[in-house]
file input.cif (mmCIF, C-alpha atoms and all ligand atoms)
data_query
#
loop_
_atom_site.label_atom_id
_atom_site.label_comp_id
_atom_site.auth_asym_id
_atom_site.auth_seq_id
_atom_site.Cartn_x
_atom_site.Cartn_y
_atom_site.Cartn_z
CA MET G 1 85.07 98.98 86.17
CA ARG G 2 86.19 95.81 84.36
CA VAL G 3 89.45 96.36 82.48
CA LEU G 4 91.06 93.91 80.06
CA VAL G 5 94.85 94.26 79.87
CA THR G 6 96.61 92.45 77.01
CA GLY G 7 100.30 91.66 77.43
CA ALA G 8 99.58 91.53 81.16
CA ALA G 9 102.61 89.37 81.99
CA GLY G 10 105.03 91.80 80.37
CA PHE G 11 106.95 94.73 81.78
CA ILE G 12 104.40 97.53 81.32
CA GLY G 13 101.36 95.20 81.36
CA SER G 14 102.03 93.61 84.75
CA THR G 15 102.81 97.00 86.32
CA THR G 16 99.59 98.45 84.89
CA ALA G 17 97.40 95.50 85.86
CA GLU G 18 98.52 95.77 89.49
CA ALA G 19 98.06 99.56 89.52
CA LEU G 20 94.49 99.19 88.19
CA LEU G 21 93.74 96.58 90.82
CA GLY G 22 95.04 98.95 93.50
CA ARG G 23 92.39 101.44 92.40
CA GLY G 24 89.66 98.86 92.89
CA HIS G 25 89.12 97.87 89.24
CA ASP G 26 88.25 94.33 88.20
CA VAL G 27 91.23 93.34 86.04
CA VAL G 28 91.46 90.52 83.50
CA GLY G 29 94.93 89.94 82.04
CA ILE G 30 95.79 88.10 78.82
CA ASP G 31 99.24 86.92 77.79
CA SER G 32 100.71 84.16 75.62
CA PHE G 33 104.17 84.21 77.28
CA THR G 34 106.13 84.65 74.04
CA ASP G 35 109.80 83.67 74.15
CA TYR G 36 111.25 87.03 72.99
CA TYR G 37 112.83 87.03 76.44
CA ASP G 38 112.82 84.44 79.25
CA PRO G 39 109.13 83.41 79.67
CA ALA G 40 109.95 82.44 83.29
CA ARG G 41 110.27 86.17 84.05
CA LYS G 42 106.81 86.77 82.63
CA ARG G 43 105.45 83.84 84.66
CA ARG G 44 106.82 85.46 87.82
CA ASN G 45 105.19 88.78 86.86
CA ALA G 46 101.88 87.00 86.23
CA GLU G 47 102.08 85.06 89.49
CA ALA G 48 102.57 88.30 91.43
CA SER G 49 99.56 89.86 89.65
CA VAL G 50 97.37 86.80 90.29
CA ALA G 51 98.38 86.83 93.97
CA ALA G 52 97.27 90.48 94.07
CA GLY G 53 93.89 89.62 92.53
CA VAL G 54 94.22 89.88 88.71
CA ARG G 55 92.30 87.20 86.81
CA PHE G 56 94.60 85.72 84.17
CA VAL G 57 93.89 84.11 80.80
CA GLU G 58 96.82 82.40 79.08
CA GLY G 59 96.46 82.46 75.32
CA ASP G 60 97.31 84.09 72.01
CA LEU G 61 95.26 87.08 70.82
CA LEU G 62 95.47 85.59 67.32
CA THR G 63 93.36 82.56 68.35
CA LEU G 64 91.56 83.30 71.64
CA PRO G 65 87.71 83.61 71.57
CA LEU G 66 87.77 87.38 71.98
CA ASP G 67 84.00 87.97 71.83
CA ASP G 68 83.59 85.88 75.01
CA LEU G 69 86.51 87.59 76.74
CA LEU G 70 85.19 91.07 75.95
CA ALA G 71 81.68 90.44 77.33
CA ASP G 72 81.19 92.82 80.30
CA VAL G 73 84.54 94.56 79.67
CA GLU G 74 84.43 98.36 79.67
CA VAL G 75 88.05 99.32 79.04
CA VAL G 76 90.60 97.51 76.84
CA ILE G 77 94.27 98.35 77.37
CA HIS G 78 96.18 96.73 74.51
CA LEU G 79 99.82 96.35 75.49
CA ALA G 80 100.52 92.92 73.96
CA GLY G 81 102.97 93.01 71.11
CA GLN G 82 106.46 92.34 69.86
CA PRO G 83 108.72 95.11 71.18
CA GLY G 84 112.36 95.89 70.39
CA VAL G 85 113.65 98.27 67.73
CA ARG G 86 116.96 96.66 66.82
CA ALA G 87 115.69 93.08 66.49
CA SER G 88 113.00 93.88 63.94
CA TRP G 89 115.03 93.36 60.75
CA GLY G 90 115.18 90.26 58.55
CA GLU G 91 113.19 87.11 59.23
CA SER G 92 111.83 88.34 62.55
CA PHE G 93 109.70 90.94 60.75
CA ASP G 94 107.00 88.34 60.27
CA GLU G 95 106.68 88.04 64.05
CA TYR G 96 106.40 91.84 64.35
CA LEU G 97 103.63 91.89 61.75
CA GLN G 98 101.69 89.11 63.44
CA LEU G 99 102.02 90.36 67.01
CA ASN G 100 101.74 94.11 66.38
CA VAL G 101 99.41 94.38 63.38
CA HIS G 102 97.29 91.23 63.05
CA THR G 103 96.58 90.94 66.80
CA THR G 104 95.55 94.60 66.92
CA GLN G 105 93.17 94.20 63.96
CA ARG G 106 91.59 91.10 65.54
CA LEU G 107 91.14 92.82 68.90
CA LEU G 108 89.64 95.91 67.22
CA GLU G 109 87.12 93.76 65.30
CA ALA G 110 85.98 92.11 68.54
CA SER G 111 85.95 95.45 70.39
CA ARG G 112 83.66 97.13 67.86
CA ARG G 113 81.12 94.33 68.45
CA ALA G 114 81.40 94.73 72.23
CA ASP G 115 80.24 97.55 74.50
CA ILE G 116 83.61 99.23 75.09
CA THR G 117 83.92 102.67 76.69
CA ARG G 118 87.64 103.02 75.90
CA PHE G 119 90.20 101.19 73.74
CA VAL G 120 93.79 102.15 74.59
CA TYR G 121 96.68 101.23 72.29
CA ALA G 122 100.38 101.14 73.18
CA SER G 123 102.06 103.02 70.35
CA SER G 124 105.66 104.15 70.41
CA SER G 125 108.00 107.11 70.02
CA SER G 126 109.53 104.93 67.27
CA VAL G 127 106.83 106.14 64.88
CA TYR G 128 108.57 109.55 64.68
CA GLY G 129 111.88 108.18 63.32
CA GLN G 130 114.67 110.71 62.75
CA ALA G 131 112.53 113.83 63.16
CA ASP G 132 113.33 117.16 61.51
CA SER G 133 112.91 119.06 64.79
CA TYR G 134 112.53 118.38 68.51
CA PRO G 135 110.60 118.02 70.70
CA THR G 136 108.19 116.02 68.56
CA ASP G 137 104.47 116.64 68.89
CA GLU G 138 101.54 114.62 67.70
CA SER G 139 100.85 116.84 64.66
CA MET G 140 104.17 115.92 63.01
CA LEU G 141 104.18 113.46 60.11
CA PRO G 142 105.42 110.10 61.47
CA ARG G 143 108.34 108.61 59.52
CA PRO G 144 109.48 105.39 61.27
CA PHE G 145 113.15 104.46 60.99
CA SER G 146 112.82 100.75 61.89
CA PRO G 147 110.57 97.86 60.82
CA TYR G 148 109.31 97.79 64.42
CA GLY G 149 108.26 101.44 64.10
CA VAL G 150 106.43 100.64 60.85
CA THR G 151 104.37 97.92 62.57
CA LYS G 152 103.56 100.17 65.57
CA LEU G 153 102.43 102.93 63.21
CA ALA G 154 100.33 100.43 61.23
CA GLY G 155 98.67 99.40 64.50
CA GLU G 156 98.09 103.05 65.39
CA HIS G 157 96.47 103.74 62.02
CA LEU G 158 94.21 100.70 62.39
CA VAL G 159 93.11 101.95 65.80
CA SER G 160 92.24 105.36 64.33
CA LEU G 161 90.32 103.70 61.46
CA TYR G 162 88.02 101.92 63.91
CA ARG G 163 87.50 105.21 65.72
CA GLU G 164 86.59 107.06 62.53
CA ASN G 165 84.50 104.33 60.87
CA TYR G 166 82.81 102.65 63.83
CA GLY G 167 82.96 105.32 66.55
CA LEU G 168 85.08 103.08 68.80
CA PRO G 169 86.36 105.40 71.60
CA THR G 170 90.06 104.85 71.08
CA VAL G 171 93.27 106.55 72.09
CA SER G 172 96.85 105.65 71.12
CA PHE G 173 99.62 106.61 73.51
CA ARG G 174 103.11 107.01 72.09
CA PHE G 175 105.30 105.71 74.93
CA PHE G 176 108.86 107.05 75.00
CA THR G 177 111.51 104.48 76.11
CA VAL G 178 110.03 103.13 79.35
CA TYR G 179 112.20 102.00 82.29
CA GLY G 180 111.88 100.99 85.93
CA PRO G 181 111.18 97.78 87.91
CA ARG G 182 110.54 94.72 85.66
CA GLN G 183 112.09 96.42 82.60
CA ARG G 184 112.65 93.96 79.73
CA PRO G 185 116.13 92.39 79.84
CA ASP G 186 116.92 93.43 76.24
CA MET G 187 116.55 97.14 77.08
CA ALA G 188 119.48 99.44 77.82
CA PHE G 189 119.12 100.06 81.58
CA SER G 190 118.58 96.35 82.36
CA ARG G 191 121.72 95.50 80.42
CA PHE G 192 123.73 98.35 81.93
CA PHE G 193 122.82 97.43 85.53
CA ALA G 194 123.52 93.72 84.87
CA SER G 195 126.98 94.53 83.50
CA ALA G 196 127.79 97.00 86.29
CA ILE G 197 126.77 94.48 88.96
CA ALA G 198 128.82 91.72 87.26
CA GLY G 199 131.85 94.03 86.88
CA ALA G 200 131.73 93.55 83.10
CA PRO G 201 131.97 96.32 80.49
CA VAL G 202 128.71 97.79 79.22
CA THR G 203 128.16 97.78 75.47
CA VAL G 204 127.25 101.16 74.02
CA TYR G 205 126.06 101.44 70.42
CA GLY G 206 127.83 104.35 68.75
CA ASP G 207 129.55 107.00 70.83
CA GLY G 208 126.86 107.18 73.53
CA THR G 209 125.72 110.72 72.71
CA GLN G 210 122.34 109.48 71.45
CA ILE G 211 119.44 111.01 73.40
CA ARG G 212 116.30 109.38 74.78
CA ASP G 213 113.27 110.85 76.56
CA PHE G 214 113.18 108.09 79.19
CA THR G 215 109.80 107.56 80.90
CA PHE G 216 109.26 105.84 84.25
CA VAL G 217 106.89 102.85 84.15
CA GLY G 218 104.92 104.10 87.18
CA ASP G 219 104.19 107.31 85.30
CA VAL G 220 102.98 105.30 82.28
CA ALA G 221 100.71 103.24 84.56
CA ASP G 222 99.40 106.50 86.05
CA ALA G 223 98.38 107.72 82.57
CA LEU G 224 96.64 104.41 81.91
CA LEU G 225 94.74 104.72 85.23
CA ARG G 226 93.68 108.24 84.31
CA VAL G 227 92.49 107.27 80.84
CA SER G 228 90.50 104.32 82.21
CA ALA G 229 88.55 106.66 84.49
CA HIS G 230 88.12 109.41 81.86
CA ASP G 231 84.75 109.56 80.11
CA GLY G 232 85.01 112.61 77.83
CA PRO G 233 86.36 112.80 74.28
CA LEU G 234 90.09 112.42 73.75
CA PRO G 235 92.45 113.12 70.85
CA PRO G 236 93.29 110.03 68.77
CA VAL G 237 97.03 110.10 69.59
CA MET G 238 98.99 111.40 72.60
CA ASN G 239 102.66 111.38 73.56
CA LEU G 240 103.66 109.95 76.95
CA ALA G 241 107.15 111.36 77.29
CA GLY G 242 109.09 111.35 80.55
CA GLY G 243 110.63 114.79 80.19
CA SER G 244 114.16 113.50 80.81
CA SER G 245 115.99 113.83 77.49
CA VAL G 246 119.51 112.65 78.34
CA THR G 247 122.37 110.89 76.60
CA VAL G 248 123.31 107.26 77.17
CA LEU G 249 126.67 108.44 78.59
CA GLU G 250 124.87 110.61 81.17
CA VAL G 251 122.75 107.62 82.18
CA LEU G 252 125.91 105.57 82.71
CA ASP G 253 127.29 108.20 85.11
CA THR G 254 124.11 107.92 87.20
CA ILE G 255 124.27 104.11 87.12
CA ALA G 256 127.89 104.22 88.33
CA ALA G 257 126.83 106.48 91.23
CA ILE G 258 123.86 104.26 92.18
CA THR G 259 125.75 100.95 92.01
CA GLY G 260 128.98 102.36 93.41
CA ARG G 261 130.79 100.49 90.62
CA ARG G 262 133.13 101.76 87.94
CA VAL G 263 131.44 101.33 84.58
CA ASP G 264 133.78 100.47 81.71
CA ILE G 265 132.41 101.05 78.23
CA GLU G 266 132.87 98.93 75.13
CA HIS G 267 131.73 100.86 72.07
CA LEU G 268 130.04 98.91 69.27
CA PRO G 269 128.84 100.26 65.92
CA THR G 270 125.48 102.05 65.77
CA VAL G 271 122.68 99.59 65.08
CA ASN G 272 120.35 100.01 62.10
CA GLY G 273 116.94 101.31 63.13
CA ASP G 274 118.20 103.20 66.21
CA VAL G 275 117.34 106.89 65.92
CA PHE G 276 119.79 109.46 67.22
CA ARG G 277 117.24 111.25 69.37
CA THR G 278 113.79 110.98 70.89
CA GLY G 279 112.10 113.79 72.81
CA GLY G 280 108.40 114.51 73.00
CA VAL G 281 106.01 117.13 74.30
CA ALA G 282 103.25 115.73 76.46
CA HIS G 283 100.97 118.76 76.49
CA LEU G 284 97.94 116.85 75.14
CA ALA G 285 98.11 114.30 77.97
CA ARG G 286 98.47 117.13 80.48
CA GLU G 287 95.52 119.12 79.10
CA THR G 288 93.13 116.19 78.72
CA LEU G 289 94.09 113.86 81.57
CA GLY G 290 96.02 116.14 83.94
CA TRP G 291 99.02 113.80 83.41
CA THR G 292 102.59 114.88 83.89
CA PRO G 293 105.63 112.68 84.38
CA ARG G 294 106.50 112.85 88.09
CA THR G 295 109.57 110.63 88.40
CA ALA G 296 113.00 112.17 87.96
CA LEU G 297 115.43 109.91 86.08
CA ALA G 298 117.80 109.42 89.06
CA ASN G 299 114.88 108.35 91.29
CA GLY G 300 113.48 106.00 88.66
CA LEU G 301 116.91 104.44 88.09
CA ARG G 302 117.28 103.93 91.85
CA ALA G 303 113.88 102.18 91.92
CA GLN G 304 114.97 99.91 89.05
CA PHE G 305 118.25 99.06 90.82
CA ASP G 306 116.46 98.31 94.12
CA TRP G 307 114.08 95.99 92.25
CA ILE G 308 116.98 94.15 90.54
CA VAL G 309 118.69 93.59 93.91
CA GLU G 310 115.47 92.41 95.55
CA ALA G 311 114.49 90.13 92.63
CA SER G 312 117.93 88.48 92.60
CA SER G 313 117.80 87.84 96.37
CA THR G 314 114.41 86.09 96.16
CA ARG G 315 115.40 83.65 93.37
P1 LIG G 401 106.88 93.04 76.95
O1 LIG G 401 107.46 92.15 75.90
O2 LIG G 401 107.43 92.95 78.33
O3 LIG G 401 105.29 92.82 77.03
C1 LIG G 401 104.51 92.43 75.93
C2 LIG G 401 103.72 91.18 76.32
O4 LIG G 401 102.83 90.85 75.27
C3 LIG G 401 104.61 89.96 76.55
O5 LIG G 401 104.42 89.44 77.87
C4 LIG G 401 104.15 88.96 75.49
O6 LIG G 401 104.21 87.60 75.95
C5 LIG G 401 102.72 89.42 75.21
N1 LIG G 401 102.23 89.06 73.87
C6 LIG G 401 102.85 89.31 72.68
N2 LIG G 401 102.09 88.85 71.67
C7 LIG G 401 100.95 88.34 72.23
C8 LIG G 401 99.78 87.73 71.69
N3 LIG G 401 99.62 87.54 70.37
N4 LIG G 401 98.82 87.33 72.55
C9 LIG G 401 98.97 87.51 73.89
N5 LIG G 401 100.06 88.07 74.45
C10 LIG G 401 101.04 88.48 73.63
O7 LIG G 401 106.99 94.53 76.39
P2 LIG G 401 106.77 95.95 77.09
O8 LIG G 401 108.07 96.65 77.09
O9 LIG G 401 106.00 95.77 78.35
O10 LIG G 401 105.86 96.67 75.98
C11 LIG G 401 104.44 96.64 76.05
C12 LIG G 401 103.87 97.37 74.83
O11 LIG G 401 104.30 98.73 74.84
C13 LIG G 401 104.32 96.81 73.49
O12 LIG G 401 103.22 96.87 72.60
C14 LIG G 401 105.41 97.76 73.02
O13 LIG G 401 105.52 97.82 71.62
C15 LIG G 401 104.92 99.07 73.60
N6 LIG G 401 105.99 100.03 73.86
C16 LIG G 401 106.94 99.75 74.79
C17 LIG G 401 107.94 100.70 75.06
C18 LIG G 401 109.04 100.44 76.07
O14 LIG G 401 109.93 101.30 76.19
N7 LIG G 401 109.02 99.33 76.81
C19 LIG G 401 107.94 101.92 74.38
C20 LIG G 401 106.97 102.15 73.41
C21 LIG G 401 105.97 101.21 73.18
C1 LIG G 402 112.60 101.28 73.51
C2 LIG G 402 111.79 99.95 73.46
O1 LIG G 402 112.67 98.82 73.41
C3 LIG G 402 110.86 99.89 72.29
O2 LIG G 402 110.00 98.75 72.45
C4 LIG G 402 110.06 101.13 72.27
O3 LIG G 402 109.08 101.15 71.32
C5 LIG G 402 110.99 102.34 72.15
O4 LIG G 402 111.76 102.38 73.35
C6 LIG G 402 110.24 103.63 72.01
O5 LIG G 402 110.33 104.50 72.85
O6 LIG G 402 109.56 103.76 71.02
P1 LIG G 402 115.00 102.03 72.72
O7 LIG G 402 114.85 103.52 72.75
O8 LIG G 402 115.94 101.44 71.75
O9 LIG G 402 113.59 101.31 72.48
O10 LIG G 402 115.33 101.62 74.24
P2 LIG G 402 116.60 100.95 74.93
O11 LIG G 402 116.77 99.52 74.52
O12 LIG G 402 116.45 101.21 76.39
O13 LIG G 402 117.84 101.76 74.33
C7 LIG G 402 118.10 103.13 74.67
C8 LIG G 402 119.38 103.57 74.01
O14 LIG G 402 120.48 102.82 74.55
C9 LIG G 402 119.42 103.35 72.49
O15 LIG G 402 119.99 104.47 71.89
C10 LIG G 402 120.35 102.15 72.30
O16 LIG G 402 121.11 102.21 71.13
C11 LIG G 402 121.25 102.27 73.51
N1 LIG G 402 121.75 100.94 73.96
C12 LIG G 402 120.90 99.94 74.24
C13 LIG G 402 123.12 100.77 74.07
O17 LIG G 402 123.93 101.66 73.78
N2 LIG G 402 123.58 99.57 74.53
C14 LIG G 402 122.75 98.53 74.86
O18 LIG G 402 123.23 97.44 75.28
C15 LIG G 402 121.37 98.74 74.72
#
call {"tool": "encode", "arguments": {"input": "input.cif", "output": "structure tokens"}}
result
Amino acid sequence: MRVLVTGAAGFIGSTTAEALLGRGHDVVGIDSFTDYYDPARKRRNAEASVAAGVRFVEGDLLTLPLDDLLADVEVVIHLAGQPGVRASWGESFDEYLQLNVHTTQRLLEASRRADITRFVYASSSSVYGQADSYPTDESMLPRPFSPYGVTKLAGEHLVSLYRENYGLPTVSFRFFTVYGPRQRPDMAFSRFFASAIAGAPVTVYGDGTQIRDFTFVGDVADALLRVSAHDGPLPPVMNLAGGSSVTVLEVLDTIAAITGRRVDIEHLPTVNGDVFRTGGVAHLARETLGWTPRTALANGLRAQFDWIVEASSTR
């Protein structure tokens, strides 16, 4: 099967592209190497994928000739976008709109003209906002709490519109805070490990009792493999939640144990847009795709630490 992965040089995209290749798929990756974080990191991800056999197209989804790129493609996995909850206020909102909404609309237009068997969209637990009850399931009314969440929900709605109006076989996965090897450097675990290794204090927003349903990147890639091979009908939206709802303070205890370092904490004020809690049920993904999260948080954190150590020794 030929699979097009957008955002293929990023954290989740590069992991997914290599996993698809490992299953014998023909993988084409697209990425524009945005400078939200060090593009050199993305270049290293892309080089590893190309060495493994992924064909790579460098370019922006806003301007690339998508009709040509979609010829002969069966599955589109749309992971490109502007991530990050806390950075989405103020002037940067324009970037979020362009990279999360406009790119998605352009890709959907090209996909409805092509012969696509599945269009997969990377939505986010951020669409739930501060929910009234937990765990959140897909039938709850989304009420984003950050500008980022608004753009991810707009993208999700667009995807559903093309499903309803044009019969495009779409599915949107709501990923819950993803971690593991190649995690983005702006995300909590990357920052916590970097500080612990450097012997510097970690910065915790608020008192550290906020809860996240952390999801291992290998488990996310597994869901994307399953959906690529699935040919029956699917619900429009499904949670991908790791099943490990823990507090930031509990994570720091595990990081101290893994690194063997004392972790000192510097508390900073809560940041606007950060919800107090995420936690999702993933019953739809289990029933339709047989997917369950398999990686316990301590094992996934160990894998992320091992990758950090290995990556720093090869640079
Ligand atoms: P990432 O920044 O590592 O990857 C995104 C990639 O998309 C980057 O390499 C970037 O250069 C590329 N890109 C952005 N705009 C582009 C464009 N117009 N054309 C081509 N390439 C473009 O982020 P990630 O953490 O791997 O997230 C991947 C997707 O999953 C994003 O859509 C994000 O919103 C979503 N998501 C991530 C998480 C998480 O916890 N990491 C959770 C929920 C949803
Ligand atoms: C993550 C991703 O960054 C988003 O792209 C994604 O859409 C979102 O998950 C999601 O699941 O929808 P976030 O939950 O903020 O967002 O992930 P982290 O950056 O790993 O933060 C986790 C928690 O740690 C947050 O409560 C945050 O406030 C806290 N944190 C983060 C700190 O206390 N200190 C830090 O230095 C960084």
call {"tool": "residues_around", "arguments": {"input": "input.cif", "residues": "Val202 (chain G)", "least_positions_apart": "5", "cutoff": "9 Å", "atoms": "all atoms listed in the file", "output": "CSV table (one decimal) with C-alpha atoms, in the frame of the given file"}}
result
chain,number,residue,atom,x,y,z
G,191,ARG,CA,121.7,95.5,80.4
G,192,PHE,CA,123.7,98.4,81.9
G,193,PHE,CA,122.8,97.4,85.5
G,194,ALA,CA,123.5,93.7,84.9
G,195,SER,CA,127.0,94.5,83.5
G,196,ALA,CA,127.8,97.0,86.3
G,252,LEU,CA,125.9,105.6,82.7
G,263,VAL,CA,131.4,101.3,84.6
G,264,ASP,CA,133.8,100.5,81.7
G,265,ILE,CA,132.4,101.0,78.2
G,266,GLU,CA,132.9,98.9,75.1
G,267,HIS,CA,131.7,100.9,72.1
call {"tool": "residues_near_ligand", "arguments": {"input": "input.cif", "ligand": "ligand LIG 401 (chain G)", "cutoff": "6 Å", "atoms": "only C-alpha atoms and all ligand atoms", "output": "number ranges by chain"}}
result
G: 7, 9-13, 30-34, 42, 59-62, 79-83, 99, 103, 122-124, 175-178, 184
call {"tool": "residues_around", "arguments": {"input": "input.cif", "residues": "Ser14 (chain G)", "least_positions_apart": "4", "cutoff": "7 Å", "atoms": "all atoms listed in the file", "output": "PyMOL selection string"}}
result
chain G and resi 8-10+18+45-46+49
call {"tool": "closest_atom_pairs", "arguments": {"input": "input.cif", "of": "chain G", "to": "ligand LIG 402 (chain G)", "cutoff": "9 Å", "atoms": "only C-alpha atoms and all ligand atoms", "output": "CSV"}}
result
residue,atom,partner,partner_atom,distance
G:Gln82,CA,G:LIG402,O2,7.8
G:Pro83,CA,G:LIG402,O2,4.1
G:Gly84,CA,G:LIG402,O1,4.2
G:Val85,CA,G:LIG402,C3,5.6
G:Arg86,CA,G:LIG402,O8,6.9
G:Ala122,CA,G:LIG402,O3,8.9
G:Ser123,CA,G:LIG402,O3,7.3
G:Ser124,CA,G:LIG402,O6,4.0
G:Ser125,CA,G:LIG402,O6,3.8
G:Ser126,CA,G:LIG402,O6,3.9
G:Val127,CA,G:LIG402,O6,7.1
G:Tyr128,CA,G:LIG402,O6,8.6
G:Tyr148,CA,G:LIG402,O3,7.7
G:Gly149,CA,G:LIG402,O3,7.3
G:Lys152,CA,G:LIG402,O3,8.0
G:Arg174,CA,G:LIG402,O6,7.3
G:Phe175,CA,G:LIG402,O5,5.6
G:Phe176,CA,G:LIG402,O5,3.6
G:Thr177,CA,G:LIG402,O5,3.5
G:Val178,CA,G:LIG402,O4,6.3
G:Tyr179,CA,G:LIG402,O12,7.3
G:Gln183,CA,G:LIG402,O12,9.0
G:Arg184,CA,G:LIG402,O1,8.0
G:Pro185,CA,G:LIG402,O11,8.9
G:Asp186,CA,G:LIG402,O11,6.3
G:Met187,CA,G:LIG402,O11,3.5
G:Ala188,CA,G:LIG402,C15,3.7
G:Phe189,CA,G:LIG402,O12,5.9
G:Ser190,CA,G:LIG402,O12,8.0
G:Arg191,CA,G:LIG402,O18,5.7
G:Phe192,CA,G:LIG402,O18,6.7
G:Val202,CA,G:LIG402,O18,6.8
G:Thr203,CA,G:LIG402,O18,4.9
G:Val204,CA,G:LIG402,O17,3.4
G:Tyr205,CA,G:LIG402,O17,4.0
G:Gly206,CA,G:LIG402,O17,6.9
G:Asp207,CA,G:LIG402,O17,8.3
G:Gly208,CA,G:LIG402,O17,6.3
G:Thr209,CA,G:LIG402,O15,8.5
G:Gln210,CA,G:LIG402,O15,5.6
G:Ile211,CA,G:LIG402,O15,6.7
G:Arg212,CA,G:LIG402,O7,6.4
G:Asp213,CA,G:LIG402,O5,7.9
G:Phe214,CA,G:LIG402,O5,7.8
G:Thr215,CA,G:LIG402,O5,8.6
G:Ala241,CA,G:LIG402,O5,8.8
G:Thr247,CA,G:LIG402,O15,8.3
G:Val248,CA,G:LIG402,O14,5.9
G:Leu249,CA,G:LIG402,O17,8.8
G:His267,CA,G:LIG402,O17,8.0
G:Leu268,CA,G:LIG402,O17,8.1
G:Thr270,CA,G:LIG402,O16,6.9
G:Val271,CA,G:LIG402,O16,6.8
G:Gly273,CA,G:LIG402,O8,8.7
G:Asp274,CA,G:LIG402,O16,5.8
G:Val275,CA,G:LIG402,O15,7.0
G:Phe276,CA,G:LIG402,O15,6.8
G:Arg277,CA,G:LIG402,O15,7.7
G:Thr278,CA,G:LIG402,O5,7.6
call {"tool": "atom_distance", "arguments": {"input": "input.cif", "atom1": "CA of Thr16 (chain G)", "atom2": "CA of Ala221 (chain G)"}}
result
4.9 Å
call {"tool": "closest_residue", "arguments": {"input": "input.cif", "among": "G:Ala311, G:Leu301, G:Val73, G:Met1", "to": "Leu20 (chain G)", "atoms": "only C-alpha atoms"}}
result
G:Met1
call {"tool": "closest_residue", "arguments": {"input": "input.cif", "among": "G:Arg118, G:Pro293, G:Asn272, G:Arg262", "to": "Ala200 (chain G)", "atoms": "all atoms listed in the file"}}
result
G:Arg262
call {"tool": "residues_around", "arguments": {"input": "input.cif", "residues": "region 64-68 of chain G", "least_positions_apart": "2", "cutoff": "12 Å", "atoms": "only C-alpha atoms", "output": "PyMOL selection string"}}
result
chain G and resi 4+6+30-32+57-62+70-73+76+103-116
call {"tool": "closest_residue", "arguments": {"input": "input.cif", "among": "G:Thr295, G:Ser88, G:Asn165, G:Thr15", "to": "Leu225 (chain G)", "atoms": "all atoms listed in the file"}}
result
G:Thr15
call {"tool": "atom_distance", "arguments": {"input": "input.cif", "atom1": "CA of Leu153 (chain G)", "atom2": "CA of Gly280 (chain G)"}}
result
16.3 Å
call {"tool": "closest_residue", "arguments": {"input": "input.cif", "among": "G:Leu97, G:Ile308, G:Ala154, G:Val237", "to": "Val120 (chain G)", "atoms": "all atoms listed in the file"}}
result
G:Val237
call {"tool": "atom_distance", "arguments": {"input": "input.cif", "atom1": "CA of Ile197 (chain G)", "atom2": "CA of Tyr37 (chain G)"}}
result
20.2 Å
call {"tool": "closest_residue", "arguments": {"input": "input.cif", "among": "G:Asn299, G:Ser172, G:Asn239, G:Ser228", "to": "Ala282 (chain G)", "atoms": "only C-alpha atoms"}}
result
G:Asn239
